[in-house]
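Engineer: Please find one structure pasted underneath; my questions will follow.
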Amino acid sequence: MAEPLLDIRGLQTHFHTFGGLVKAVDGVSFDVKAGEIVGLVGESGGGKSVIGFSIVGLIDPPGKIVGGEIRFDGRDIAKLDERAMRRVRGREIAMVFQDPMTSLNPVYTVGRQMDEVLRLHTDLDKAARRARCIRMLEDVGISEADKRLDAYPHQFSGGMRQRVVIAIALLAGSRLIIADEPTTALDVTVQSQILKLMRRQVEDTGAAMILVTHDLAVVSEMADRVVVLYCGRVIERGLTDEIIANPAHPYTRGLLDSIPRIADRQHRLRQIPGTVPDIRSIGLGCSFRARCSRAQSLCAERSPDLAHVRGSLDAACHFPLEEAAR
Amino acid sequence: MIKRLLQMMLVLFVVSVIVFLMMSFTGDPVFMVIPIDSTAAEIEQARRLLGLDQSLFSQYWIFLSNLLQGDFGRSYVFRQPAMDLILERLPATMEMVVVAMGIATVIAIPLGVYAGANPNRAASRSIMAASLFGISLPGFWVGMMLIFFFSVRFQFLPSSGRGETIEVLGLRLSIFTADGWSHMILPAVTLALATLAIILRITRAGMMEVMRQDYIKFARAKGASRRHILFAHGLKNALIPVVTIFGLQLGDLIAFATITETIFAWPGTGKLLIDSIYRGDRPVIVVYLMLTAFIFVVINFLVDIVYTLIDPRITVK
Ligand SMILES: Nc1ncnc2c1ncn2[C@@H]1O[C@H](COP(=O)(O)OP(=O)(O)OP(=O)(O)O)[C@@H](O)[C@H]1O
Ligand code: SF4
Ligand SMILES: [Mg+2]
């Protein structure tokens, strides 16, 4: 098998806050191959966005990558200096931020902000750049793209701005696209249109994509593989179909059961009880134990390591779920 | 736009009323124009001549209609139109202020951007500490210190006057001669100091706020250079309060460069104002105040236009 395009090993990103050390990402490992879409899922605070920012080297103080490797195309980009990293950002790896309302600079036209990417990363002349921007805007479903290029972000609706941000991320033809909740502000039809576009981009260019989302339905439609995060750790990962059909981790099961479109008939629709604990107060043991119906005394004593369970599934649980009998 | 112009007129009208009332309540100007040994009848006559015997309201009316006809009164002292006196000296003040604002801006903006983008560095802290001196040291003291060092100790720069001037577009200016510059530099620096410190601090505050925004991070994610991010993405968003303060400071320096002009014997309007106040030369003071108000109104208007150039979300009302 070919070497993965992105290979994250034991990534640790911590924040030194006044309230104490927040281990937002604590020993995360997964890989993404070229042409593949990997879904990053988990409840709020799981560390999904922090992983994204770690990859593109945009963790600002008080945060810091304190351990692990981020191997991109064979070299550890977590160790690159700012200058070298600038040549990776936008060109090799593009990112769509979680909050598209605020990602665009209010004092420049949309066209100029799109053009910036092409100016930085291509040798195209002005006319060619403009043509490409127009085509990209049309691709993300913005009509009258030619005119829209000269408008300012405040003249766009929220959904439109989100599409512009996606267009910017796709513009330079990066090899890895990190999309952090790319379709949250969009209605369902537009959402599926955008997702299709993003998938087509991946298929056409052989790029890889990390798709961050709460929405397991989106993941099941889009992703080849899924990484489930909880409190800064990978608690389960594997092929999408397998995870959706038969998760090994109780948390993943809980996530699936809370989604009407996926939960199968045997499991009633229900929310996971309790809430995500404060990362700083987990201490020893499994971070999910307070909410887990299978928890036993071992779960409070030792935190489970990620280990192979069956098929493609790895899970971090002392008592993984059996394959459901059909 | 029309509304805006009317608003500007209204401001000037109100200022004219205030100036007029202020002048009417501060002493009887008739004693400025008559010889000391005048008889009561002569005083009465002078009063009538000056229109001081009429009601306050009709005095104002005369004052206003004269203003509107471009008649701003004559200096009691120089016996020539007060406006001419001021306009004659305005270029001197203006060029000093322009140079001072130039110095302040060119230094303050980059330092403010740096300090705002790297608030925790030692250099930024030093810049901020130094700017506190800039704000709190009184201008006259700075001026005297500069004279002491550069003119007295090292005899390096002249301490007074304007130096050689040449006529450019009908204005006598010294910024086009080397000698003029050597005279200009000390007063301009003195004048610039406080403004420099204020603009620097405002720029820093704005940059600190802006650098936290998502669009800055997004620009970084595009791979833009640090400099481009600071000056193109950051500064432009931090500029609105800077422009506001710039406008206010500009007006302030034009109107009240008095102390600096006095210290350096710079023959500008500020010195004329002081002299006129000493001599009770009311028409000159009135014209001066009206002109100052006018300059402020115009600057404010220009500032509003600049706002719209900076931020597309702002429109001129
Ligand atoms: N700048 C920061 N300072 C301190 N803590 C931070 C910072 N950024 C993130 N964190 C912490 O890191 C943890 C993970 O945050 P992250 O934003 O990655 O979660 P997420 O999975 O993306 O959640 P969401 O679904 O809400 O976007 C959270 O506990 C958060 O409080
Ligand atoms: S380790 Fe224990 S507490 Fe944690 S998920 Fe597995 S069974 Fe539940
Ligand atoms: Mg997030």
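Residues in the structure tokens are named by chain (A, B, ... in the order shown) and by number from 1 within that chain; ligands are numbered from 1 in the order shown.
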Using only C-alpha atoms, which protein or nucleic acid residues come within 12 Å of Asp150 in chain A? Drop anything in the same chain fewer than 5 positions from it, and give the result as a PyMOL selection string.

Structural biologist: (chain A and resi 107-115+130+133-134+144-145+155-156) or (chain B and resi 312)

Engineer: Just to be explicit: take each residue in the selection above, keep N, CA, C and O atoms, and write the result as a short mmCIF file (atom, residue, chain, number, x, y, z; two decimals), in the first residue's frame.

Structural biologist:
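Okay, this is what ended up in selection.cif:
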```cif
data_model
loop_
_atom_site.label_atom_id
_atom_site.label_comp_id
_atom_site.auth_asym_id
_atom_site.auth_seq_id
_atom_site.Cartn_x
_atom_site.Cartn_y
_atom_site.Cartn_z
N VAL A 107 -13.09 44.35 4.72
CA VAL A 107 -12.74 45.55 3.97
C VAL A 107 -12.21 45.28 2.57
O VAL A 107 -11.79 46.20 1.87
N TYR A 108 -12.21 44.01 2.15
CA TYR A 108 -11.80 43.71 0.78
C TYR A 108 -12.90 42.98 0.03
O TYR A 108 -13.68 42.24 0.63
N THR A 109 -12.92 43.16 -1.28
CA THR A 109 -13.93 42.47 -2.07
C THR A 109 -13.65 40.96 -2.05
O THR A 109 -12.51 40.53 -1.84
N VAL A 110 -14.70 40.21 -2.29
CA VAL A 110 -14.59 38.77 -2.36
C VAL A 110 -13.59 38.36 -3.45
O VAL A 110 -12.74 37.48 -3.26
N GLY A 111 -13.66 39.06 -4.57
CA GLY A 111 -12.76 38.75 -5.67
C GLY A 111 -11.30 38.90 -5.28
O GLY A 111 -10.46 38.06 -5.59
N ARG A 112 -11.03 39.97 -4.56
CA ARG A 112 -9.65 40.21 -4.16
C ARG A 112 -9.15 39.13 -3.20
O ARG A 112 -8.00 38.72 -3.26
N GLN A 113 -10.05 38.69 -2.32
CA GLN A 113 -9.64 37.68 -1.35
C GLN A 113 -9.45 36.32 -2.01
O GLN A 113 -8.66 35.50 -1.55
N MET A 114 -10.19 36.09 -3.09
CA MET A 114 -9.97 34.85 -3.85
C MET A 114 -8.67 34.96 -4.63
O MET A 114 -7.84 34.05 -4.64
N ASP A 115 -8.52 36.11 -5.26
CA ASP A 115 -7.35 36.34 -6.09
C ASP A 115 -6.06 36.18 -5.30
O ASP A 115 -5.05 35.71 -5.82
N ARG A 130 -8.76 35.76 -12.73
CA ARG A 130 -10.14 36.17 -12.59
C ARG A 130 -11.09 35.13 -13.17
O ARG A 130 -12.11 34.78 -12.59
N CYS A 133 -11.40 32.34 -10.75
CA CYS A 133 -12.24 32.70 -9.60
C CYS A 133 -13.71 32.61 -9.98
O CYS A 133 -14.54 32.11 -9.22
N ILE A 134 -14.03 33.14 -11.17
CA ILE A 134 -15.42 33.12 -11.60
C ILE A 134 -15.92 31.68 -11.72
O ILE A 134 -16.99 31.33 -11.24
N GLU A 144 -24.23 34.80 -11.20
CA GLU A 144 -23.67 36.10 -11.55
C GLU A 144 -22.30 36.29 -10.91
O GLU A 144 -22.01 37.34 -10.31
N ALA A 145 -21.50 35.27 -11.00
CA ALA A 145 -20.22 35.26 -10.31
C ALA A 145 -19.36 36.46 -10.71
O ALA A 145 -18.65 37.03 -9.88
N GLN A 155 -22.17 42.07 1.74
CA GLN A 155 -23.26 42.06 0.77
C GLN A 155 -23.71 40.63 0.43
O GLN A 155 -24.58 40.44 -0.40
N PHE A 156 -23.09 39.66 1.09
CA PHE A 156 -23.45 38.26 0.89
C PHE A 156 -24.22 37.74 2.09
O PHE A 156 -23.99 38.18 3.22
N PRO B 312 -16.00 49.46 3.47
CA PRO B 312 -17.14 49.53 2.56
C PRO B 312 -18.49 49.49 3.28
O PRO B 312 -19.50 49.83 2.69
#
```

Engineer: Could you list the protein, DNA and RNA residues that have any atom within 10 Å of ligand 3, counting only C-alpha atoms and all ligand atoms, and write them as a PyMOL selection string?

Structural biologist: chain A and resi 41-53+97-99+180-181+212-214

Engineer: Could you name the residues that touch Gly57 in chain A at 9 Å or less, counting only C-alpha atoms, but leaving out those on the same chain fewer than 2 positions away, as a CSV table (one decimal) with all heavy atoms, in the first residue's frame?

Structural biologist:
```csv
chain,number,residue,atom,x,y,z
A,52,GLY,N,-7.2,20.3,13.2
A,52,GLY,CA,-7.1,21.0,11.9
A,52,GLY,C,-6.0,22.1,12.0
A,52,GLY,O,-5.2,22.2,11.1
A,53,PHE,N,-6.1,22.9,13.0
A,53,PHE,CA,-5.2,24.0,13.1
A,53,PHE,C,-3.8,23.5,13.3
A,53,PHE,O,-2.8,24.2,12.9
A,53,PHE,CB,-5.6,25.0,14.2
A,53,PHE,CG,-6.8,25.8,13.9
A,53,PHE,CD1,-7.9,25.9,14.7
A,53,PHE,CD2,-6.8,26.6,12.7
A,53,PHE,CE1,-9.0,26.7,14.4
A,53,PHE,CE2,-7.9,27.4,12.4
A,53,PHE,CZ,-9.0,27.4,13.2
A,54,SER,N,-3.6,22.4,14.0
A,54,SER,CA,-2.3,21.9,14.3
A,54,SER,C,-1.7,21.5,12.9
A,54,SER,O,-0.5,21.7,12.7
A,54,SER,CB,-2.4,20.6,15.2
A,54,SER,OG,-2.9,21.0,16.4
A,55,ILE,N,-2.5,20.9,12.1
A,55,ILE,CA,-1.9,20.4,10.8
A,55,ILE,C,-1.4,21.6,10.0
A,55,ILE,O,-0.3,21.5,9.4
A,55,ILE,CB,-3.0,19.6,10.0
A,55,ILE,CG1,-3.4,18.4,10.8
A,55,ILE,CG2,-2.5,19.3,8.6
A,55,ILE,CD1,-4.6,17.7,10.2
A,59,ILE,N,-1.6,27.0,15.4
A,59,ILE,CA,-1.9,27.0,16.9
A,59,ILE,C,-1.2,28.2,17.5
A,59,ILE,O,0.1,28.3,17.4
A,59,ILE,CB,-1.4,25.7,17.5
A,59,ILE,CG1,-2.2,24.5,16.9
A,59,ILE,CG2,-1.6,25.8,19.0
A,59,ILE,CD1,-3.6,24.4,17.3
A,60,ASP,N,-1.9,29.1,18.1
A,60,ASP,CA,-1.3,30.3,18.7
A,60,ASP,C,-1.2,30.1,20.2
A,60,ASP,O,-2.0,29.4,20.8
A,60,ASP,CB,-2.1,31.5,18.3
A,60,ASP,CG,-2.1,31.8,16.8
A,60,ASP,OD1,-1.0,31.7,16.3
A,60,ASP,OD2,-3.1,32.2,16.2
A,65,ILE,N,2.0,22.7,20.1
A,65,ILE,CA,2.1,21.3,19.8
A,65,ILE,C,3.3,20.8,20.6
A,65,ILE,O,4.4,21.2,20.4
A,65,ILE,CB,2.4,21.1,18.3
A,65,ILE,CG1,1.2,21.6,17.4
A,65,ILE,CG2,2.7,19.6,18.0
A,65,ILE,CD1,1.4,21.4,15.9
A,77,ILE,N,5.8,18.1,9.1
A,77,ILE,CA,5.6,19.6,9.0
A,77,ILE,C,5.3,20.3,10.3
A,77,ILE,O,5.4,21.5,10.4
A,77,ILE,CB,4.4,19.9,8.0
A,77,ILE,CG1,3.1,19.2,8.5
A,77,ILE,CG2,4.7,19.5,6.6
A,77,ILE,CD1,1.9,19.6,7.7
A,78,ALA,N,5.2,19.5,11.4
A,78,ALA,CA,5.0,20.2,12.7
A,78,ALA,C,6.4,20.8,13.1
A,78,ALA,O,6.4,21.7,13.9
A,78,ALA,CB,4.6,19.2,13.7
A,80,LEU,N,8.4,22.3,10.9
A,80,LEU,CA,8.9,23.3,9.9
A,80,LEU,C,8.8,24.7,10.6
A,80,LEU,O,8.0,25.0,11.4
A,80,LEU,CB,7.9,23.3,8.7
A,80,LEU,CG,8.0,22.2,7.7
A,80,LEU,CD1,7.1,22.4,6.6
A,80,LEU,CD2,9.4,22.0,7.2
A,82,GLU,N,8.2,28.9,10.3
A,82,GLU,CA,7.1,29.7,9.8
A,82,GLU,C,7.2,29.9,8.3
A,82,GLU,O,6.3,29.8,7.5
A,82,GLU,CB,7.0,31.0,10.6
A,82,GLU,CG,5.9,31.9,10.2
A,82,GLU,CD,4.5,31.4,10.4
A,82,GLU,OE1,4.4,30.5,11.2
A,82,GLU,OE2,3.6,31.8,9.7
A,85,MET,N,6.6,26.8,6.4
A,85,MET,CA,5.2,26.4,6.6
A,85,MET,C,4.3,27.3,5.7
A,85,MET,O,3.2,26.8,5.2
A,85,MET,CB,4.8,26.6,8.1
A,85,MET,CG,3.5,25.9,8.5
A,85,MET,SD,3.7,24.1,8.2
A,85,MET,CE,1.9,23.7,7.9
A,89,ARG,N,1.0,26.1,3.5
A,89,ARG,CA,-0.4,26.6,3.7
A,89,ARG,C,-1.0,27.2,2.5
A,89,ARG,O,-0.3,27.9,1.8
A,89,ARG,CB,-0.3,27.7,4.8
A,89,ARG,CG,-0.3,27.3,6.2
A,89,ARG,CD,-0.5,28.5,7.1
A,89,ARG,NE,0.3,28.2,8.3
A,89,ARG,CZ,1.2,29.1,8.8
A,89,ARG,NH1,1.4,30.2,8.2
A,89,ARG,NH2,1.8,28.8,9.9
B,221,ALA,N,-3.9,31.1,6.9
B,221,ALA,CA,-4.1,29.8,6.3
B,221,ALA,C,-3.9,29.8,4.8
B,221,ALA,O,-3.6,28.7,4.2
B,221,ALA,CB,-5.5,29.2,6.7
```

Engineer: For the structure I just gave you, how does DSSP split range 62-170 of chain A - specifically, which residues are helix (DSSP H, G or I)? Reply as a PyMOL selection string.

Structural biologist: chain A and resi 77-79+82-88+100-102+110-121+126-139+145-148+153-155+158-170

Engineer: Could those selected residues go to a file with C-alpha atoms, as a JSON list (two decimals), in the first residue's frame?

Structural biologist:
```json
[["chain", "number", "residue", "atom", "x", "y", "z"],
["A", 77, "ILE", "CA", 5.55, 19.58, 8.96],
["A", 78, "ALA", "CA", 5.04, 20.18, 12.68],
["A", 79, "LYS", "CA", 8.77, 20.89, 12.83],
["A", 82, "GLU", "CA", 7.12, 29.68, 9.80],
["A", 83, "ARG", "CA", 8.65, 30.49, 6.41],
["A", 84, "ALA", "CA", 8.63, 26.94, 5.17],
["A", 85, "MET", "CA", 5.17, 26.42, 6.57],
["A", 86, "ARG", "CA", 3.87, 29.37, 4.57],
["A", 87, "ARG", "CA", 4.68, 27.50, 1.39],
["A", 88, "VAL", "CA", 2.63, 24.58, 2.61],
["A", 100, "PRO", "CA", -17.40, 31.12, 7.69],
["A", 101, "MET", "CA", -19.17, 34.34, 8.71],
["A", 102, "THR", "CA", -15.96, 35.72, 10.11],
["A", 110, "VAL", "CA", -14.59, 38.77, -2.36],
["A", 111, "GLY", "CA", -12.76, 38.75, -5.67],
["A", 112, "ARG", "CA", -9.65, 40.21, -4.16],
["A", 113, "GLN", "CA", -9.64, 37.68, -1.35],
["A", 114, "MET", "CA", -9.97, 34.85, -3.85],
["A", 115, "ASP", "CA", -7.35, 36.34, -6.09],
["A", 116, "GLU", "CA", -4.94, 36.50, -3.18],
["A", 117, "VAL", "CA", -4.67, 32.72, -3.10],
["A", 118, "LEU", "CA", -3.93, 32.46, -6.80],
["A", 119, "ARG", "CA", -1.47, 35.32, -6.66],
["A", 120, "LEU", "CA", 0.38, 33.58, -3.87],
["A", 121, "HIS", "CA", 0.41, 30.11, -5.30],
["A", 126, "LYS", "CA", -4.61, 38.63, -13.91],
["A", 127, "ALA", "CA", -7.19, 37.68, -16.49],
["A", 128, "ALA", "CA", -6.61, 33.97, -16.03],
["A", 129, "ARG", "CA", -6.88, 34.33, -12.27],
["A", 130, "ARG", "CA", -10.14, 36.17, -12.59],
["A", 131, "ALA", "CA", -11.53, 33.59, -14.94],
["A", 132, "ARG", "CA", -10.62, 30.86, -12.52],
["A", 133, "CYS", "CA", -12.24, 32.70, -9.60],
["A", 134, "ILE", "CA", -15.42, 33.12, -11.60],
["A", 135, "ARG", "CA", -15.49, 29.45, -12.52],
["A", 136, "MET", "CA", -14.94, 28.46, -8.91],
["A", 137, "LEU", "CA", -17.74, 30.70, -7.66],
["A", 138, "GLU", "CA", -20.05, 29.18, -10.23],
["A", 139, "ASP", "CA", -18.98, 25.73, -9.12],
["A", 145, "ALA", "CA", -20.22, 35.26, -10.31],
["A", 146, "ASP", "CA", -18.64, 37.94, -12.46],
["A", 147, "LYS", "CA", -20.51, 40.70, -10.65],
["A", 148, "ARG", "CA", -20.23, 39.04, -7.28],
["A", 153, "PRO", "CA", -18.55, 40.10, 2.21],
["A", 154, "HIS", "CA", -21.29, 42.06, 3.99],
["A", 155, "GLN", "CA", -23.26, 42.06, 0.77],
["A", 158, "GLY", "CA", -24.27, 33.75, 5.54],
["A", 159, "GLY", "CA", -24.65, 30.73, 3.30],
["A", 160, "MET", "CA", -23.10, 32.60, 0.38],
["A", 161, "ARG", "CA", -20.13, 33.56, 2.48],
["A", 162, "GLN", "CA", -19.67, 29.95, 3.47],
["A", 163, "ARG", "CA", -19.60, 29.00, -0.19],
["A", 164, "VAL", "CA", -17.06, 31.71, -0.91],
["A", 165, "VAL", "CA", -14.82, 30.36, 1.83],
["A", 166, "ILE", "CA", -15.13, 26.86, 0.38],
["A", 167, "ALA", "CA", -14.36, 28.24, -3.06],
["A", 168, "ILE", "CA", -11.21, 29.87, -1.70],
["A", 169, "ALA", "CA", -10.11, 26.59, -0.15],
["A", 170, "LEU", "CA", -10.64, 24.67, -3.38]]
```

Engineer: What lies within 9 Å of Val226 in chain A using only C-alpha atoms, ignoring chain neighbours under 2 positions off, as a PyMOL selection string?

Structural biologist: chain A and resi 37-41+219-220+223-224+228+236-240+243

Engineer: Return as a ChimeraX atom specification every polymer residue, whether protein, DNA or RNA, with at least one atom no more than 12 Å from an atom of ligand 2; count only C-alpha atoms and all ligand atoms.

Structural biologist: /A:230,234-236,247-254,282,284-307,315-322

Engineer: Leaving out Lys196 in chain A and any residue of its chain fewer than 6 positions from it, which residues lie within 12 Å of it when counting only C-alpha atoms, given as a list in words?

Structural biologist: Asp139, Val140, Gly141, Thr183, Thr189, Val190, Val202, Glu203, Asp204, Val218, Glu221, Met222 and Ala223 of chain A

Engineer: Residues as selected, N, CA and C atoms, written as a PDB file, in the first residue's frame, can you do that?

Structural biologist:
```pdb
ATOM      1  N   ASP A 139     -18.996  27.114  -9.586  1.00  0.00           N
ATOM      2  CA  ASP A 139     -18.979  25.728  -9.118  1.00  0.00           C
ATOM      3  C   ASP A 139     -19.621  25.568  -7.745  1.00  0.00           C
ATOM      4  N   VAL A 140     -19.403  26.547  -6.869  1.00  0.00           N
ATOM      5  CA  VAL A 140     -20.025  26.434  -5.548  1.00  0.00           C
ATOM      6  C   VAL A 140     -21.444  26.996  -5.551  1.00  0.00           C
ATOM      7  N   GLY A 141     -21.958  27.289  -6.738  1.00  0.00           N
ATOM      8  CA  GLY A 141     -23.365  27.637  -6.852  1.00  0.00           C
ATOM      9  C   GLY A 141     -23.686  29.095  -6.616  1.00  0.00           C
ATOM     10  N   THR A 183     -20.443  22.863   6.057  1.00  0.00           N
ATOM     11  CA  THR A 183     -21.796  23.127   5.534  1.00  0.00           C
ATOM     12  C   THR A 183     -22.822  23.442   6.613  1.00  0.00           C
ATOM     13  N   THR A 189     -30.456  21.163   0.746  1.00  0.00           N
ATOM     14  CA  THR A 189     -30.164  20.965  -0.682  1.00  0.00           C
ATOM     15  C   THR A 189     -28.813  21.539  -1.054  1.00  0.00           C
ATOM     16  N   VAL A 190     -28.562  22.762  -0.584  1.00  0.00           N
ATOM     17  CA  VAL A 190     -27.280  23.387  -0.889  1.00  0.00           C
ATOM     18  C   VAL A 190     -26.156  22.573  -0.272  1.00  0.00           C
ATOM     19  N   VAL A 202     -12.122  16.092  -4.853  1.00  0.00           N
ATOM     20  CA  VAL A 202     -11.205  15.079  -4.342  1.00  0.00           C
ATOM     21  C   VAL A 202     -10.980  14.006  -5.394  1.00  0.00           C
ATOM     22  N   GLU A 203     -12.085  13.584  -6.027  1.00  0.00           N
ATOM     23  CA  GLU A 203     -11.961  12.539  -7.036  1.00  0.00           C
ATOM     24  C   GLU A 203     -11.166  13.015  -8.251  1.00  0.00           C
ATOM     25  N   ASP A 204     -11.467  14.240  -8.701  1.00  0.00           N
ATOM     26  CA  ASP A 204     -10.823  14.749  -9.918  1.00  0.00           C
ATOM     27  C   ASP A 204      -9.342  14.996  -9.736  1.00  0.00           C
ATOM     28  N   VAL A 218     -23.747  13.031   7.357  1.00  0.00           N
ATOM     29  CA  VAL A 218     -22.853  13.575   6.333  1.00  0.00           C
ATOM     30  C   VAL A 218     -21.650  12.659   6.170  1.00  0.00           C
ATOM     31  N   GLU A 221     -22.240   9.542   4.253  1.00  0.00           N
ATOM     32  CA  GLU A 221     -22.394   9.779   2.826  1.00  0.00           C
ATOM     33  C   GLU A 221     -21.062  10.039   2.140  1.00  0.00           C
ATOM     34  N   MET A 222     -20.184  10.715   2.865  1.00  0.00           N
ATOM     35  CA  MET A 222     -18.980  11.265   2.235  1.00  0.00           C
ATOM     36  C   MET A 222     -17.707  10.480   2.497  1.00  0.00           C
ATOM     37  N   ALA A 223     -17.528  10.034   3.735  1.00  0.00           N
ATOM     38  CA  ALA A 223     -16.186   9.628   4.149  1.00  0.00           C
ATOM     39  C   ALA A 223     -15.891   8.168   3.832  1.00  0.00           C
TER      40      ALA A 223
END
```

Engineer: Given a cut-off of 10 Å, which residues of chain B touch chain A, counting only C-alpha atoms, written out as an MDAnalysis selection string?

Structural biologist: chainID B and resid 213:226 232:234 236:237 309:313

Engineer: Here is a test: counting only C-alpha atoms and all ligand atoms, which residue of A:Gly67, A:Gly35, A:Pro61, A:Pro182 is nearest to ligand 1?

Structural biologist: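 Closest residue, counting only C-alpha atoms and all ligand atoms: A:Pro61.
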
Engineer: Per DSSP on the backbone, filter range 11-231 of chain A down to the residues in strand (DSSP E or B) and report them as a ChimeraX atom specification.

Structural biologist: /A:11-17,20-32,37-41,63-72,75-76,89,93-96,176-180,208-212,225-230

Engineer: Could you state the separation of CA of Glu44 in chain B and CA of Arg282 in chain B in Å, given to one decimal place?

Structural biologist: 18.9 Å

Engineer: Which is closer to ligand 1 than all the others in B:Arg212, B:Thr105, B:Arg74, B:Ala123, using only C-alpha atoms and all ligand atoms?

Structural biologist: B:Arg212

Engineer: I'd like the contact shell of range 126-129 of chain B - 9 Å cut-off, only C-alpha atoms, skipping same-chain residues fewer than 6 positions apart - returned as a list in words.

Structural biologist: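 Result of the neighbour search: Leu111, Gly112, Ala115, Ala197, Leu200 and Arg201 of chain B.
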